[in-house]
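Asker: Below is one structure. I have some questions about it.
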Amino acid sequence: MKIATFNVNSLRARIDNVVAWIERAEPDVLLLQELKCETAAFPREPFEARGYACAVVGQKSWNGVAILSRRGIDGPVLERLPGEPEDEQARYVEATVAGVRVAAIYLPNGNPVGTEKYPYKLRWMARLKAHARDLLARGGPVALGGDWNVIPAAADAADPSAWTEDALFRPQTRRAFREILHLGWTDAFRAVDARPHQFTFWDYQARAWERDDGIRIDHVLLSPAAADRIKGAWVDRWPRGQEKASDHTPLVVELADD
DNA sequence: ATGGCTGTTCTAAACAGA
């Protein structure tokens, strides 16, 4: 089963790119972030026509996440991360696909540090940690995939010195990410690929893509029962080189079928 | 560097992203 995560930076602006990539890569499950559209405006037709069921949590203008699956979607569908009921931002959706519990997450960016945005990011990570512990307690295969907005280590940035005070790389951010890993999760990409500088995001500015000046911030974390089934994990750089590309590119994780 | 791009939007001399 191929599970992919892709921050599309507006699905309506990117629909041709996303459909072209699906036809090329044929993921079984696609976790989308930054839909930038309301749930009712989600373009289901091109996906359903290709056999994908859709679980969508959208929001006007910003955020928005979805799970697309060509192996069906089973409930219960969880449409928000527990722990802060007043949080209205569309950043979490979780459902079951072929016996695997999968979540699409869009973790807050947190910049600029020094505003309310950074504490919100840290609270969101604490909520995710608590929920990740509950998910592990169930014992089954789980994949938490998405735009984590975390650079885990210096090897995950072309120029780590440029990110030292950034919300994506501050020690507090990396510590919160490690706390989740240490519950028993596996960074699927790092489990199979030790090479530095394997990026999933390149800024639109300053010819960052052409200079390979990127960061690795899109991740799939696997529970032990899922990690035992890893067949491969790779970054697919093809979409980032296309016209009208998102600033992110997909990460794909392949799990052995039961 | 109040820089650099790209998207959505109360079409902005704005705001957010990362």
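Order determines the names: the first chain of the structure tokens is A, the second B, and so forth; residues in each chain are numbered 1 upward, and ligands are numbered 1 upward as they are shown.
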Got a sec to pull out which chain A residues are within 6 Å of chain B, counting only C-alpha atoms (C1' of nucleotides), and send them as a ChimeraX atom specification?
Answerer: /A:61,204-206
Asker: Write out as a list in words which residues come within 7 Å of range 79-86 of chain A when counting only C-alpha atoms (C1' of nucleotides), dropping same-chain ones fewer than 6 positions away.
Answerer: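 Once the nearby chain positions are removed, what remains is Val57, Tyr92, Val93, Glu94 and Arg127 of chain A.
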Asker: Write the residues you've just listed into a file as a JSON list (two decimals), in the first residue's frame, and include N, CA, C and O atoms for each of them.
Answerer:
```json
[["chain", "number", "residue", "atom", "x", "y", "z"],
["A", 57, "VAL", "N", -11.66, 17.96, 5.40],
["A", 57, "VAL", "CA", -11.92, 18.98, 6.43],
["A", 57, "VAL", "C", -11.34, 20.28, 5.88],
["A", 57, "VAL", "O", -10.14, 20.52, 5.94],
["A", 92, "TYR", "N", -6.51, 18.73, 10.81],
["A", 92, "TYR", "CA", -6.40, 17.31, 11.19],
["A", 92, "TYR", "C", -7.59, 16.52, 10.67],
["A", 92, "TYR", "O", -8.75, 16.94, 10.84],
["A", 93, "VAL", "N", -7.32, 15.39, 10.04],
["A", 93, "VAL", "CA", -8.39, 14.44, 9.70],
["A", 93, "VAL", "C", -7.80, 13.03, 9.78],
["A", 93, "VAL", "O", -6.65, 12.80, 9.39],
["A", 94, "GLU", "N", -8.58, 12.12, 10.33],
["A", 94, "GLU", "CA", -8.10, 10.76, 10.61],
["A", 94, "GLU", "C", -9.20, 9.76, 10.27],
["A", 94, "GLU", "O", -10.37, 10.00, 10.58],
["A", 127, "ARG", "N", -0.86, 18.61, 22.04],
["A", 127, "ARG", "CA", -2.12, 17.88, 21.80],
["A", 127, "ARG", "C", -1.86, 16.67, 20.91],
["A", 127, "ARG", "O", -2.44, 15.59, 21.12]]
```
Asker: If you run DSSP on this backbone, which residues of range 2-246 of chain A come out as strand (DSSP E), and could you give them as a VMD selection string?
Answerer: chain A and resid 2 to 7 29 to 33 53 to 57 65 to 69 74 to 78 92 to 97 100 to 106 142 to 147 186 to 187 201 to 202 214 to 215 218 to 222 230 to 235
Asker: My list of candidates is A:Tyr52, A:Trp163, A:Phe177, A:Phe6. Which is closest to Thr249 in chain A when distances are computed with only C-alpha atoms?
Answerer: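 So, comparing all the options, the nearest one is A:Phe6.
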Asker: Please measure the separation of CA of Ala53 in chain A and CA of Ala41 in chain A, giving the value in Å to one decimal.
Answerer: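 Going from CA of Ala53 in chain A over to CA of Ala41 in chain A, I get 15.7 Å.
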Asker: I'd like to know which residues of range 19-255 of chain A are alpha helix (DSSP H) (by DSSP, run on the backbone); could you write them as a ChimeraX atom specification?
Answerer: /A:19-25,45-48,117-138,171-182,188-192,224-227
Asker: Excluding Asp236 in chain A and its own-chain neighbours fewer than 5 positions away, which residues fall within 8 Å of it when counting only C-alpha atoms (C1' of nucleotides)? Please give them as a VMD selection string.
Answerer: chain A and resid 249 to 252
Asker: What is the distance between CA of Asp134 in chain A and CA of Val150 in chain A, in Å to one decimal?
Answerer: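 Those two atoms sit 21.8 Å apart.
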Asker: Out of A:Ile217, A:Pro239, A:Glu88, A:Ala194, which residue has the shortest atom-to-atom distance to Ile22 in chain A when counting only C-alpha atoms?
Answerer: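 Among the listed residues, the smallest separation from Ile22 in chain A belongs to A:Pro239.
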Asker: Tell me, as a PyMOL selection string, which residues lie within 10 Å of Ile230 in chain A, counting only C-alpha atoms (C1' of nucleotides); anything in the same chain fewer than 6 positions away does not count.
Answerer: chain A and resi 1+188-189+191-192+222+253-257
Asker: Set the distance at 10 Å and use only C-alpha atoms (C1' of nucleotides): which residues neighbour Ala4 in chain A once local chain neighbours fewer than 6 positions away are removed? I'd like the list as a ChimeraX atom specification.
Answerer: /A:22,25-32,67-68,104,145-146,219-220,233-236,250-254
Asker: Go ahead and save the picked residues with C-alpha atoms, as a tab-separated table (two decimals), in the first residue's frame.
Answerer:
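Written out: selection_15.tsv:
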```
chain	number	residue	atom	x	y	z
A	22	ILE	CA	-1.78	10.81	-9.08
A	25	ALA	CA	2.50	7.79	-9.05
A	26	GLU	CA	-0.74	5.91	-8.34
A	27	PRO	CA	-0.79	6.26	-4.56
A	28	ASP	CA	-3.36	4.15	-2.71
A	29	VAL	CA	-3.74	6.83	-0.06
A	30	LEU	CA	-3.01	10.54	-0.55
A	31	LEU	CA	-2.89	12.87	2.45
A	32	LEU	CA	-3.37	16.49	1.37
A	67	ILE	CA	-7.55	11.86	2.99
A	68	LEU	CA	-8.00	10.38	-0.50
A	104	ALA	CA	-3.48	13.92	7.46
A	145	GLY	CA	1.48	11.90	7.68
A	146	GLY	CA	1.56	15.49	6.63
A	219	HIS	CA	6.96	13.44	7.34
A	220	VAL	CA	5.12	10.16	7.82
A	233	ALA	CA	10.04	5.58	1.49
A	234	TRP	CA	11.07	8.26	-0.96
A	235	VAL	CA	10.64	11.90	-1.93
A	236	ASP	CA	9.12	12.31	-5.40
A	250	PRO	CA	5.18	14.52	-2.16
A	251	LEU	CA	6.71	12.02	0.24
A	252	VAL	CA	5.68	8.41	-0.46
A	253	VAL	CA	5.80	5.49	1.98
A	254	GLU	CA	5.11	1.93	0.83
```
Asker: Would you mind reading off the distance between CA of Lys2 in chain A and CA of Phe201 in chain A, one decimal, in Å?
Answerer: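 Atom-to-atom, CA of Lys2 in chain A to CA of Phe201 in chain A, that is 20.6 Å.
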Asker: Identify which of the residues A:Met125, A:Val8, A:Leu35, A:Ala132 lies closest to Asp218 in chain A, counting only C-alpha atoms when measuring atom-to-atom distances.
Answerer: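 When distances to Asp218 in chain A are compared using only C-alpha atoms, the smallest one comes from A:Val8.
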Asker: Counting only C-alpha atoms, figure out which residue out of A:Asp203, A:Asp166, A:Glu38, A:Asp187 gets nearest to Ala227 in chain A.
Answerer: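 Of A:Asp203, A:Asp166, A:Glu38, A:Asp187, the one nearest Ala227 in chain A, counting only C-alpha atoms, is A:Asp187.
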